[in-house]
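**Q** Compact mmCIF, C-alpha atoms and all ligand atoms, saved as target.txt, coming up:
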```
# COMPACT_ATOMS: atom_id res chain seq x y z
CA MET U 1 -3.29 -36.72 121.62
CA LEU U 2 -0.01 -37.16 123.46
CA VAL U 3 3.16 -35.65 122.00
CA LYS U 4 6.47 -37.44 122.56
CA LEU U 5 9.61 -35.31 122.56
CA GLN U 6 12.75 -37.35 123.16
CA ASP U 7 12.21 -39.13 126.49
CA LEU U 8 9.10 -37.23 127.66
CA TYR U 9 5.37 -37.29 126.92
CA PHE U 10 3.22 -34.17 126.83
CA LYS U 11 -0.58 -33.89 126.94
CA PRO U 12 -2.81 -31.23 125.32
CA PHE U 13 -3.13 -28.25 127.66
CA ILE U 14 -4.05 -24.99 125.87
CA SER U 15 -5.63 -25.11 122.42
CA GLU U 16 -4.68 -22.97 119.47
CA ALA U 17 -8.02 -21.12 119.74
CA GLU U 18 -7.53 -20.37 123.45
CA ILE U 19 -4.05 -19.03 122.76
CA GLN U 20 -5.25 -16.80 119.95
CA ASP U 21 -8.04 -15.53 122.17
CA ALA U 22 -5.59 -14.71 124.97
CA VAL U 23 -3.27 -12.92 122.54
CA GLN U 24 -6.17 -10.90 121.11
CA LYS U 25 -7.25 -9.82 124.61
CA MET U 26 -3.72 -8.66 125.41
CA VAL U 27 -3.51 -6.77 122.12
CA ASP U 28 -6.83 -5.05 122.79
CA LYS U 29 -5.64 -3.78 126.19
CA VAL U 30 -2.20 -2.69 124.99
CA ALA U 31 -3.69 -0.97 121.92
CA ILE U 32 -5.97 1.13 124.11
CA ASP U 33 -3.30 1.98 126.69
CA LEU U 34 -0.65 2.86 124.08
CA LYS U 35 -2.84 4.42 121.41
CA ASP U 36 -0.88 7.68 121.57
CA GLU U 37 2.54 6.01 121.53
CA MET U 38 4.70 4.44 118.84
CA PRO U 39 5.76 1.42 120.86
CA ILE U 40 8.69 -0.78 120.12
CA PHE U 41 7.87 -4.41 120.87
CA VAL U 42 10.90 -6.39 122.00
CA GLY U 43 10.56 -10.16 121.83
CA ILE U 44 12.81 -12.37 123.93
CA LEU U 45 14.13 -15.13 121.68
CA ASN U 46 13.78 -17.95 121.15
CA GLY U 47 10.56 -18.74 122.98
CA SER U 48 8.60 -15.60 122.09
CA PHE U 49 8.84 -15.74 118.31
CA MET U 50 5.34 -17.14 117.71
CA PHE U 51 3.72 -14.91 120.30
CA VAL U 52 5.40 -11.80 118.86
CA SER U 53 4.35 -12.76 115.35
CA ASP U 54 0.70 -13.23 116.29
CA PHE U 55 0.69 -10.21 118.61
CA VAL U 56 1.99 -7.70 116.07
CA LYS U 57 -0.24 -9.09 113.31
CA LYS U 58 -3.23 -8.35 115.54
CA TYR U 59 -1.89 -4.99 116.76
CA PRO U 60 -4.01 -2.28 115.09
CA HIS U 61 -1.58 0.67 115.19
CA PRO U 62 1.89 1.38 113.73
CA CYS U 63 4.68 -0.12 115.83
CA GLU U 64 8.26 -1.35 115.68
CA VAL U 65 9.39 -4.89 116.38
CA THR U 66 12.78 -6.17 117.44
CA PHE U 67 14.30 -9.05 119.39
CA ILE U 68 16.97 -9.81 121.92
CA LYS U 69 18.14 -13.31 122.66
CA LEU U 70 18.64 -14.69 126.16
CA ALA U 71 19.11 -18.26 127.36
CA SER U 72 18.19 -19.54 130.80
CA TYR U 73 16.48 -22.88 130.74
CA ASP U 74 18.34 -26.15 131.07
CA GLY U 75 16.10 -29.03 130.01
CA VAL U 76 12.95 -28.70 132.10
CA LYS U 77 14.45 -26.51 134.85
CA SER U 78 14.86 -22.76 135.17
CA THR U 79 18.39 -21.61 135.99
CA GLU U 80 19.73 -18.35 137.41
CA ASP U 81 22.51 -18.22 134.89
CA ILE U 82 21.08 -16.06 132.11
CA GLN U 83 23.24 -15.69 129.02
CA ARG U 84 22.97 -12.71 126.65
CA LEU U 85 23.29 -14.13 123.14
CA ILE U 86 22.04 -11.19 121.05
CA GLY U 87 21.74 -7.76 122.62
CA LEU U 88 20.10 -4.47 121.72
CA THR U 89 21.21 -2.91 118.47
CA GLN U 90 19.31 0.38 118.43
CA ASP U 91 18.91 3.55 120.43
CA LEU U 92 15.84 3.36 122.68
CA THR U 93 16.11 6.77 124.29
CA ASN U 94 12.63 8.08 125.15
CA ARG U 95 10.92 5.07 123.58
CA THR U 96 7.97 3.15 124.96
CA VAL U 97 9.38 -0.37 125.12
CA VAL U 98 7.05 -3.33 125.46
CA ILE U 99 8.76 -6.60 126.31
CA LEU U 100 6.94 -9.57 124.79
CA GLU U 101 7.80 -12.73 126.73
CA ASP U 102 6.46 -16.20 126.04
CA ILE U 103 6.42 -17.17 129.71
CA ILE U 104 7.50 -15.87 133.10
CA ASP U 105 8.48 -18.59 135.53
CA SER U 106 11.05 -17.76 138.26
CA GLY U 107 11.48 -14.22 136.94
CA ASN U 108 15.25 -14.59 136.53
CA THR U 109 15.06 -13.80 132.83
CA LEU U 110 12.87 -10.79 133.56
CA GLU U 111 15.45 -9.54 136.06
CA GLU U 112 18.08 -9.72 133.33
CA VAL U 113 15.74 -7.84 130.99
CA HIS U 114 15.45 -5.06 133.58
CA ARG U 115 19.25 -4.99 133.89
CA ILE U 116 19.60 -4.69 130.12
CA PHE U 117 17.15 -1.78 129.86
CA LYS U 118 18.18 0.08 133.02
CA ASN U 119 20.69 2.32 131.26
CA GLU U 120 18.79 2.78 128.00
CA ASN U 121 16.89 5.94 129.07
CA VAL U 122 13.61 4.54 127.81
CA LYS U 123 10.39 6.46 128.41
CA GLN U 124 8.74 3.40 129.90
CA LEU U 125 9.43 -0.31 130.14
CA ILE U 126 6.26 -2.38 129.92
CA ILE U 127 6.18 -6.13 130.48
CA ALA U 128 3.72 -8.34 128.63
CA THR U 129 3.86 -12.10 128.99
CA LEU U 130 1.60 -14.63 127.35
CA PHE U 131 1.99 -17.25 130.09
CA TYR U 132 2.75 -16.70 133.76
CA LYS U 133 3.42 -19.21 136.55
CA PRO U 134 2.49 -17.27 139.72
CA GLU U 135 3.56 -20.08 142.06
CA ALA U 136 7.08 -20.04 140.62
CA TYR U 137 7.58 -16.26 140.39
CA LYS U 138 10.18 -15.05 142.91
CA LYS U 139 10.64 -11.40 141.90
CA ASP U 140 8.78 -8.12 142.48
CA PHE U 141 8.84 -6.67 138.98
CA LYS U 142 5.43 -5.58 137.83
CA LEU U 143 3.85 -7.64 135.06
CA HIS U 144 1.70 -5.15 133.15
CA TYR U 145 -0.09 -7.61 130.88
CA VAL U 146 -0.55 -11.34 131.46
CA GLY U 147 -2.27 -13.58 128.94
CA LEU U 148 -2.88 -16.76 130.93
CA GLU U 149 -1.87 -17.80 134.44
CA ILE U 150 -0.85 -21.45 134.52
CA PRO U 151 0.30 -23.93 137.17
CA SER U 152 3.99 -24.41 137.77
CA LYS U 153 4.39 -27.34 135.38
CA PHE U 154 6.59 -27.62 132.33
CA ILE U 155 4.92 -26.85 129.00
CA VAL U 156 5.95 -26.96 125.35
CA GLY U 157 4.56 -25.61 122.08
CA TYR U 158 3.78 -22.20 120.65
CA GLY U 159 7.47 -21.28 120.70
CA LEU U 160 8.36 -23.09 123.93
CA ASP U 161 10.75 -25.99 123.65
CA TYR U 162 12.05 -29.06 125.37
CA ASN U 163 15.70 -29.43 124.38
CA GLY U 164 15.01 -27.54 121.16
CA LEU U 165 11.93 -29.56 120.22
CA GLY U 166 8.25 -28.61 120.23
CA ARG U 167 8.55 -24.91 119.39
CA ASP U 168 6.69 -25.47 116.13
CA LEU U 169 3.51 -26.80 117.76
CA PRO U 170 0.65 -24.29 117.36
CA ALA U 171 -0.94 -25.38 120.67
CA VAL U 172 0.53 -25.87 124.15
CA TYR U 173 1.18 -29.22 125.81
CA GLN U 174 1.94 -29.99 129.44
CA LEU U 175 4.47 -32.50 130.70
CA LYS U 176 2.70 -35.72 131.57
CA THR U 177 4.11 -36.83 134.89
CA THR U 178 4.13 -40.37 136.22
CA GLN U 179 5.78 -41.36 139.49
CA HIS U 180 8.86 -42.21 137.47
CA MET U 181 8.76 -38.91 135.59
CA THR U 182 8.29 -36.82 138.73
CA ASN U 183 11.89 -37.69 139.47
CA ILE U 184 12.90 -36.59 136.01
CA VAL U 185 11.14 -33.24 136.45
CA LEU U 186 12.68 -32.59 139.84
CA PHE U 187 16.20 -33.56 139.01
CA GLY U 188 16.34 -33.21 135.24
CA PRO U 189 17.03 -35.93 132.71
CA PRO U 190 20.66 -37.05 132.70
CA GLY U 191 22.71 -34.97 130.32
CA ALA U 192 19.68 -33.25 128.83
CA GLY U 193 19.22 -29.59 128.16
CA LYS U 194 22.71 -28.35 127.53
CA GLY U 195 22.48 -25.17 125.54
CA THR U 196 18.69 -24.97 125.55
CA GLN U 197 17.63 -21.45 124.80
CA ALA U 198 14.98 -19.17 126.27
P1 LIG U 201 12.37 -17.66 134.16
O1 LIG U 201 13.68 -16.99 133.94
O2 LIG U 201 11.24 -16.71 134.48
O3 LIG U 201 12.46 -18.78 135.15
O4 LIG U 201 11.99 -18.38 132.83
C1 LIG U 201 11.84 -17.68 131.68
C2 LIG U 201 12.21 -18.47 130.45
O5 LIG U 201 12.36 -19.86 130.73
C3 LIG U 201 11.10 -18.36 129.47
O6 LIG U 201 11.29 -17.28 128.61
C4 LIG U 201 11.15 -19.70 128.76
O7 LIG U 201 12.00 -19.64 127.66
C5 LIG U 201 11.69 -20.64 129.80
N1 LIG U 201 10.58 -21.38 130.46
C6 LIG U 201 9.97 -21.10 131.65
N2 LIG U 201 8.99 -21.97 131.92
C7 LIG U 201 8.96 -22.82 130.88
C8 LIG U 201 8.13 -23.95 130.55
O8 LIG U 201 7.20 -24.36 131.26
N3 LIG U 201 8.41 -24.57 129.36
C9 LIG U 201 9.41 -24.16 128.52
N4 LIG U 201 9.57 -24.86 127.41
N5 LIG U 201 10.20 -23.11 128.80
C10 LIG U 201 9.97 -22.44 129.95
MG MG U 202 11.17 -16.55 126.89
MG MG U 203 13.65 -23.17 126.27
```
Transcribe the structure of this file into structure tokens.
Ligand code: 5GP
Ligand code: MG
Ligand code: MG
**A**
Amino acid sequence: MLVKLQDLYFKPFISEAEIQDAVQKMVDKVAIDLKDEMPIFVGILNGSFMFVSDFVKKYPHPCEVTFIKLASYDGVKSTEDIQRLIGLTQDLTNRTVVILEDIIDSGNTLEEVHRIFKNENVKQLIIATLFYKPEAYKKDFKLHYVGLEIPSKFIVGYGLDYNGLGRDLPAVYQLKTTQHMTNIVLFGPPGAGKGTQA
């Protein structure tokens, strides 16, 4: 069934069951690799809140969970202007930090994450992202755990929004493009997206 959010239509893309399966597979790998650690999982708000919630519920060992809040997206486009809205509030010296990202697109947000953690003296910085758009990724940072590789098309649901809408959907939907809408995707809807948060 199509979902309409403001001016755009989205079609079903990744089901709730497929997402849960991908999350479980990531958890299984991380749990083995970090079985001797007490990791601190750091979610990047807003988009990662659902992923973090499901991930840590499935995680079989003791762990800590915290969030930082960054904003990068403007409507349906990635921007290089990453804003820090809520930063780190605790000492991470010698900690195994696992970043939980909803999606890695251009990698600009990830670059900012690396900047934020560079001076924190962490033991290791591990990157785990549920979704990854390899065709859009422009950086060299290692992605340690990837849930699902997807094409470079705009998606919503499972924490991901379009102008603040769609985060509540338990499944993921992909922008339905028509000839008319291709223009919208390339150039952005007029006036849309101001203040949209990552
Ligand atoms: P990047 O900085 O890697 O270009 O993008 C990272 C952030 O942009 C993600 O954390 C996410 O919030 C947002 N983003 C990237 N791709 C998409 C997408 O397809 N849909 C939505 N709703 N947000 C996206
Ligand atoms: Mg994000
Ligand atoms: Mg967003």
**Q** Throw together the list of residues within 6 Å of ligand LIG 201 (chain U), counting all atoms listed in the file, and drop it here as a ChimeraX atom specification.
**A** /U:47,72-73,78,102-109,153-156,160-162,198
**Q** What separation in Å, quoted to one decimal, exists between CA of Glu80 in chain U and CA of Leu92 in chain U?
**A**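 CA of Leu92 in chain U lies at a distance of 26.5 Å from CA of Glu80 in chain U.
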**Q** Under the rule that all atoms listed in the file are counted, which of U:Leu100, U:Leu88, U:Cys63, U:Ala136 is the nearest residue to Glu120 in chain U?
**A**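 Going through U:Leu100, U:Leu88, U:Cys63, U:Ala136 one by one, the smallest distance to Glu120 in chain U is for U:Leu88.
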**Q** Taking all atoms of range 120-129 of chain U that the file lists and extending 3 Å past them on each side, where is the centre of the axis-aligned box and how long are its edges? Answer in Å to one decimal, as lines of an AutoDock Vina configuration file.
**A**
```
center_x = 11.3
center_y = -2.8
center_z = 129.1
size_x = 21.1
size_y = 24.6
size_z = 8.7
```
**Q** Rank U:Leu34, U:Val172, U:Val98, U:Leu45 by their smallest atom-to-atom distance to Pro60 in chain U, using only C-alpha atoms, and report the top residue only.
**A** U:Leu34
**Q** Write out as a PyMOL selection string each polymer residue whose atoms come within 7 Å of Gly147 in chain U, counting only C-alpha atoms; drop sequence neighbours fewer than 4 positions from it.
**A** chain U and resi 22-23+26+129-131
**Q** Quick one: residues within 10 Å of Leu110 in chain U, all atoms listed in the file, excluding same-chain residues fewer than 4 positions away - as a list in words?
**A**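 Here the answer would be Ile44, Ile82, Ile99, Glu101, Ile103, Ile104, Asp105, Ser106, His114, Arg115, Ile116, Ile127, Lys139, Phe141 and Leu143 of chain U.
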**Q** Near Gln124 in chain U, counting all atoms listed in the file, which residues have an atom at most 10 Å away, once you skip same-chain residues fewer than 2 positions from it, shown as JSON, numbers by chain?
**A** {"U": [39, 93, 94, 95, 96, 97, 98, 117, 121, 122, 126, 127]}
**Q** I'd like the contact shell of Gly157 in chain U - 10 Å cut-off, only C-alpha atoms, skipping same-chain residues fewer than 5 positions apart - returned as number ranges by chain.
**A** U: 10, 12-14, 16, 47, 50, 162, 165-174
**Q** Just checking: using only C-alpha atoms, which residue out of U:Val146, U:Leu85, U:Leu70, U:Met1 ends up closest to Lys29 in chain U?
**A** U:Val146
**Q** Mind listing as a list in words all residues within 6 Å of (15.1, -8.9, 124.2), counting all atoms listed in the file?
**A**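 Neighbouring residues, ordered by chain and number, come to Val42, Gly43, Ile44, Phe67, Ile68 and Lys69 of chain U.
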**Q** Atom MG of ligand MG 202 (chain U) and CA of Phe51 in chain U are how many Å apart?
**A**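 Calculated distance between atom MG of ligand MG 202 (chain U) and CA of Phe51 in chain U is 10.1 Å.
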**Q** Taking 3 positions as the minimum chain separation for residues in the same chain, which residues sit within 10 Å of Asp54 in chain U when counting all atoms listed in the file? Answer as a ChimeraX atom specification.
**A** /U:19-20,23-24,27,49-51,57-59
**Q** Just the selected residues (C-alpha atoms), exported as a PDB file, in the frame of the given file, please.
**A**
```pdb
ATOM      1  CA  ILE U  19      -4.050 -19.030 122.760  1.00  0.00           C
ATOM      2  CA  GLN U  20      -5.250 -16.800 119.950  1.00  0.00           C
ATOM      3  CA  VAL U  23      -3.270 -12.920 122.540  1.00  0.00           C
ATOM      4  CA  GLN U  24      -6.170 -10.900 121.110  1.00  0.00           C
ATOM      5  CA  VAL U  27      -3.510  -6.770 122.120  1.00  0.00           C
ATOM      6  CA  PHE U  49       8.840 -15.740 118.310  1.00  0.00           C
ATOM      7  CA  MET U  50       5.340 -17.140 117.710  1.00  0.00           C
ATOM      8  CA  PHE U  51       3.720 -14.910 120.300  1.00  0.00           C
ATOM      9  CA  LYS U  57      -0.240  -9.090 113.310  1.00  0.00           C
ATOM     10  CA  LYS U  58      -3.230  -8.350 115.540  1.00  0.00           C
ATOM     11  CA  TYR U  59      -1.890  -4.990 116.760  1.00  0.00           C
TER      12      TYR U  59
END
```
**Q** Rank U:Ser48, U:Lys176, U:Glu111, U:Val56 by their smallest atom-to-atom distance to ligand MG 203 (chain U), using all atoms listed in the file, and report the top residue only.
**A** U:Ser48
**Q** Would you pull range 15-64 of chain U out of the block just shown and save N, CA and C atoms as a PDB file, in the first residue's frame?
**A**
```pdb
ATOM      1  N   SER U  15      10.114  -4.965   4.601  1.00  0.00           N
ATOM      2  CA  SER U  15       9.056  -5.289   5.563  1.00  0.00           C
ATOM      3  C   SER U  15       9.596  -5.275   6.991  1.00  0.00           C
ATOM      4  N   GLU U  16       8.655  -5.230   7.919  1.00  0.00           N
ATOM      5  CA  GLU U  16       9.001  -5.262   9.334  1.00  0.00           C
ATOM      6  C   GLU U  16       9.823  -6.518   9.650  1.00  0.00           C
ATOM      7  N   ALA U  17       9.399  -7.657   9.095  1.00  0.00           N
ATOM      8  CA  ALA U  17      10.093  -8.928   9.372  1.00  0.00           C
ATOM      9  C   ALA U  17      11.517  -8.906   8.826  1.00  0.00           C
ATOM     10  N   GLU U  18      11.696  -8.362   7.636  1.00  0.00           N
ATOM     11  CA  GLU U  18      13.050  -8.280   7.057  1.00  0.00           C
ATOM     12  C   GLU U  18      13.948  -7.380   7.893  1.00  0.00           C
ATOM     13  N   ILE U  19      13.379  -6.292   8.392  1.00  0.00           N
ATOM     14  CA  ILE U  19      14.169  -5.380   9.226  1.00  0.00           C
ATOM     15  C   ILE U  19      14.591  -6.083  10.508  1.00  0.00           C
ATOM     16  N   GLN U  20      13.637  -6.738  11.152  1.00  0.00           N
ATOM     17  CA  GLN U  20      13.945  -7.420  12.415  1.00  0.00           C
ATOM     18  C   GLN U  20      14.997  -8.505  12.201  1.00  0.00           C
ATOM     19  N   ASP U  21      14.913  -9.169  11.065  1.00  0.00           N
ATOM     20  CA  ASP U  21      15.885 -10.205  10.740  1.00  0.00           C
ATOM     21  C   ASP U  21      17.291  -9.600  10.565  1.00  0.00           C
ATOM     22  N   ALA U  22      17.339  -8.477   9.873  1.00  0.00           N
ATOM     23  CA  ALA U  22      18.628  -7.801   9.656  1.00  0.00           C
ATOM     24  C   ALA U  22      19.212  -7.319  10.988  1.00  0.00           C
ATOM     25  N   VAL U  23      18.362  -6.786  11.849  1.00  0.00           N
ATOM     26  CA  VAL U  23      18.830  -6.306  13.158  1.00  0.00           C
ATOM     27  C   VAL U  23      19.374  -7.486  13.970  1.00  0.00           C
ATOM     28  N   GLN U  24      18.627  -8.588  13.955  1.00  0.00           N
ATOM     29  CA  GLN U  24      19.060  -9.774  14.719  1.00  0.00           C
ATOM     30  C   GLN U  24      20.423 -10.274  14.235  1.00  0.00           C
ATOM     31  N   LYS U  25      20.625 -10.279  12.916  1.00  0.00           N
ATOM     32  CA  LYS U  25      21.908 -10.749  12.372  1.00  0.00           C
ATOM     33  C   LYS U  25      23.058  -9.829  12.807  1.00  0.00           C
ATOM     34  N   MET U  26      22.788  -8.522  12.829  1.00  0.00           N
ATOM     35  CA  MET U  26      23.818  -7.593  13.302  1.00  0.00           C
ATOM     36  C   MET U  26      24.127  -7.858  14.775  1.00  0.00           C
ATOM     37  N   VAL U  27      23.075  -7.988  15.575  1.00  0.00           N
ATOM     38  CA  VAL U  27      23.252  -8.243  17.005  1.00  0.00           C
ATOM     39  C   VAL U  27      24.087  -9.504  17.218  1.00  0.00           C
ATOM     40  N   ASP U  28      23.777 -10.544  16.480  1.00  0.00           N
ATOM     41  CA  ASP U  28      24.491 -11.817  16.660  1.00  0.00           C
ATOM     42  C   ASP U  28      25.985 -11.633  16.422  1.00  0.00           C
ATOM     43  N   LYS U  29      26.334 -10.893  15.371  1.00  0.00           N
ATOM     44  CA  LYS U  29      27.761 -10.674  15.064  1.00  0.00           C
ATOM     45  C   LYS U  29      28.425  -9.818  16.134  1.00  0.00           C
ATOM     46  N   VAL U  30      27.781  -8.706  16.487  1.00  0.00           N
ATOM     47  CA  VAL U  30      28.371  -7.797  17.478  1.00  0.00           C
ATOM     48  C   VAL U  30      28.527  -8.523  18.817  1.00  0.00           C
ATOM     49  N   ALA U  31      27.524  -9.310  19.183  1.00  0.00           N
ATOM     50  CA  ALA U  31      27.544 -10.000  20.484  1.00  0.00           C
ATOM     51  C   ALA U  31      28.709 -10.982  20.563  1.00  0.00           C
ATOM     52  N   ILE U  32      29.025 -11.613  19.463  1.00  0.00           N
ATOM     53  CA  ILE U  32      30.180 -12.529  19.451  1.00  0.00           C
ATOM     54  C   ILE U  32      31.475 -11.729  19.534  1.00  0.00           C
ATOM     55  N   ASP U  33      31.587 -10.712  18.671  1.00  0.00           N
ATOM     56  CA  ASP U  33      32.837  -9.940  18.608  1.00  0.00           C
ATOM     57  C   ASP U  33      33.122  -9.195  19.909  1.00  0.00           C
ATOM     58  N   LEU U  34      32.088  -8.744  20.603  1.00  0.00           N
ATOM     59  CA  LEU U  34      32.286  -7.905  21.793  1.00  0.00           C
ATOM     60  C   LEU U  34      31.908  -8.627  23.081  1.00  0.00           C
ATOM     61  N   LYS U  35      31.966  -9.943  23.063  1.00  0.00           N
ATOM     62  CA  LYS U  35      31.488 -10.695  24.227  1.00  0.00           C
ATOM     63  C   LYS U  35      32.288 -10.398  25.494  1.00  0.00           C
ATOM     64  N   ASP U  36      33.557  -9.971  25.319  1.00  0.00           N
ATOM     65  CA  ASP U  36      34.384  -9.681  26.493  1.00  0.00           C
ATOM     66  C   ASP U  36      34.427  -8.190  26.828  1.00  0.00           C
ATOM     67  N   GLU U  37      33.602  -7.414  26.177  1.00  0.00           N
ATOM     68  CA  GLU U  37      33.589  -5.963  26.394  1.00  0.00           C
ATOM     69  C   GLU U  37      32.287  -5.572  27.095  1.00  0.00           C
ATOM     70  N   MET U  38      32.285  -4.374  27.643  1.00  0.00           N
ATOM     71  CA  MET U  38      31.026  -3.751  28.096  1.00  0.00           C
ATOM     72  C   MET U  38      30.823  -2.550  27.174  1.00  0.00           C
ATOM     73  N   PRO U  39      30.196  -2.786  26.020  1.00  0.00           N
ATOM     74  CA  PRO U  39      30.129  -1.706  25.037  1.00  0.00           C
ATOM     75  C   PRO U  39      29.157  -0.610  25.456  1.00  0.00           C
ATOM     76  N   ILE U  40      29.423   0.563  24.934  1.00  0.00           N
ATOM     77  CA  ILE U  40      28.417   1.616  25.049  1.00  0.00           C
ATOM     78  C   ILE U  40      27.899   1.891  23.644  1.00  0.00           C
ATOM     79  N   PHE U  41      26.614   1.653  23.450  1.00  0.00           N
ATOM     80  CA  PHE U  41      25.979   1.888  22.157  1.00  0.00           C
ATOM     81  C   PHE U  41      25.542   3.348  22.092  1.00  0.00           C
ATOM     82  N   VAL U  42      25.960   4.020  21.021  1.00  0.00           N
ATOM     83  CA  VAL U  42      25.622   5.440  20.870  1.00  0.00           C
ATOM     84  C   VAL U  42      24.751   5.602  19.631  1.00  0.00           C
ATOM     85  N   GLY U  43      23.493   5.882  19.841  1.00  0.00           N
ATOM     86  CA  GLY U  43      22.569   6.114  18.727  1.00  0.00           C
ATOM     87  C   GLY U  43      22.656   7.543  18.248  1.00  0.00           C
ATOM     88  N   ILE U  44      22.514   7.726  16.935  1.00  0.00           N
ATOM     89  CA  ILE U  44      22.527   9.076  16.371  1.00  0.00           C
ATOM     90  C   ILE U  44      21.072   9.486  16.125  1.00  0.00           C
ATOM     91  N   LEU U  45      20.597  10.389  16.966  1.00  0.00           N
ATOM     92  CA  LEU U  45      19.201  10.860  16.837  1.00  0.00           C
ATOM     93  C   LEU U  45      19.062  11.818  15.663  1.00  0.00           C
ATOM     94  N   ASN U  46      17.836  11.952  15.096  1.00  0.00           N
ATOM     95  CA  ASN U  46      16.652  11.230  15.512  1.00  0.00           C
ATOM     96  C   ASN U  46      16.507   9.844  14.866  1.00  0.00           C
ATOM     97  N   GLY U  47      17.064   9.694  13.679  1.00  0.00           N
ATOM     98  CA  GLY U  47      16.713   8.550  12.846  1.00  0.00           C
ATOM     99  C   GLY U  47      16.947   7.177  13.457  1.00  0.00           C
ATOM    100  N   SER U  48      17.885   7.070  14.409  1.00  0.00           N
ATOM    101  CA  SER U  48      18.273   5.732  14.875  1.00  0.00           C
ATOM    102  C   SER U  48      17.453   5.219  16.051  1.00  0.00           C
ATOM    103  N   PHE U  49      16.465   6.000  16.505  1.00  0.00           N
ATOM    104  CA  PHE U  49      15.842   5.612  17.779  1.00  0.00           C
ATOM    105  C   PHE U  49      15.182   4.233  17.743  1.00  0.00           C
ATOM    106  N   MET U  50      14.557   3.873  16.631  1.00  0.00           N
ATOM    107  CA  MET U  50      13.867   2.579  16.563  1.00  0.00           C
ATOM    108  C   MET U  50      14.872   1.445  16.444  1.00  0.00           C
ATOM    109  N   PHE U  51      15.891   1.678  15.633  1.00  0.00           N
ATOM    110  CA  PHE U  51      16.956   0.690  15.455  1.00  0.00           C
ATOM    111  C   PHE U  51      17.650   0.421  16.786  1.00  0.00           C
ATOM    112  N   VAL U  52      18.005   1.484  17.519  1.00  0.00           N
ATOM    113  CA  VAL U  52      18.690   1.315  18.801  1.00  0.00           C
ATOM    114  C   VAL U  52      17.806   0.531  19.762  1.00  0.00           C
ATOM    115  N   SER U  53      16.541   0.884  19.792  1.00  0.00           N
ATOM    116  CA  SER U  53      15.607   0.211  20.695  1.00  0.00           C
ATOM    117  C   SER U  53      15.554  -1.291  20.405  1.00  0.00           C
ATOM    118  N   ASP U  54      15.361  -1.641  19.147  1.00  0.00           N
ATOM    119  CA  ASP U  54      15.286  -3.069  18.794  1.00  0.00           C
ATOM    120  C   ASP U  54      16.635  -3.756  18.993  1.00  0.00           C
ATOM    121  N   PHE U  55      17.708  -3.061  18.646  1.00  0.00           N
ATOM    122  CA  PHE U  55      19.050  -3.651  18.756  1.00  0.00           C
ATOM    123  C   PHE U  55      19.358  -4.018  20.208  1.00  0.00           C
ATOM    124  N   VAL U  56      19.181  -3.080  21.109  1.00  0.00           N
ATOM    125  CA  VAL U  56      19.583  -3.349  22.500  1.00  0.00           C
ATOM    126  C   VAL U  56      18.628  -4.333  23.184  1.00  0.00           C
ATOM    127  N   LYS U  57      17.373  -4.378  22.722  1.00  0.00           N
ATOM    128  CA  LYS U  57      16.462  -5.389  23.280  1.00  0.00           C
ATOM    129  C   LYS U  57      16.924  -6.794  22.894  1.00  0.00           C
ATOM    130  N   LYS U  58      17.495  -6.909  21.701  1.00  0.00           N
ATOM    131  CA  LYS U  58      17.974  -8.219  21.249  1.00  0.00           C
ATOM    132  C   LYS U  58      19.384  -8.530  21.777  1.00  0.00           C
ATOM    133  N   TYR U  59      20.112  -7.511  22.190  1.00  0.00           N
ATOM    134  CA  TYR U  59      21.510  -7.723  22.592  1.00  0.00           C
ATOM    135  C   TYR U  59      21.572  -8.568  23.870  1.00  0.00           C
ATOM    136  N   PRO U  60      22.321  -9.675  23.849  1.00  0.00           N
ATOM    137  CA  PRO U  60      22.229 -10.651  24.939  1.00  0.00           C
ATOM    138  C   PRO U  60      23.134 -10.384  26.142  1.00  0.00           C
ATOM    139  N   HIS U  61      23.985  -9.358  26.074  1.00  0.00           N
ATOM    140  CA  HIS U  61      24.920  -9.114  27.176  1.00  0.00           C
ATOM    141  C   HIS U  61      24.667  -7.726  27.777  1.00  0.00           C
ATOM    142  N   PRO U  62      25.199  -7.473  28.981  1.00  0.00           N
ATOM    143  CA  PRO U  62      25.067  -6.137  29.573  1.00  0.00           C
ATOM    144  C   PRO U  62      25.719  -5.079  28.684  1.00  0.00           C
ATOM    145  N   CYS U  63      25.115  -3.917  28.625  1.00  0.00           N
ATOM    146  CA  CYS U  63      25.647  -2.845  27.774  1.00  0.00           C
ATOM    147  C   CYS U  63      25.111  -1.516  28.285  1.00  0.00           C
ATOM    148  N   GLU U  64      25.689  -0.427  27.778  1.00  0.00           N
ATOM    149  CA  GLU U  64      25.148   0.903  28.055  1.00  0.00           C
ATOM    150  C   GLU U  64      24.602   1.476  26.765  1.00  0.00           C
TER     151      GLU U  64
END
```
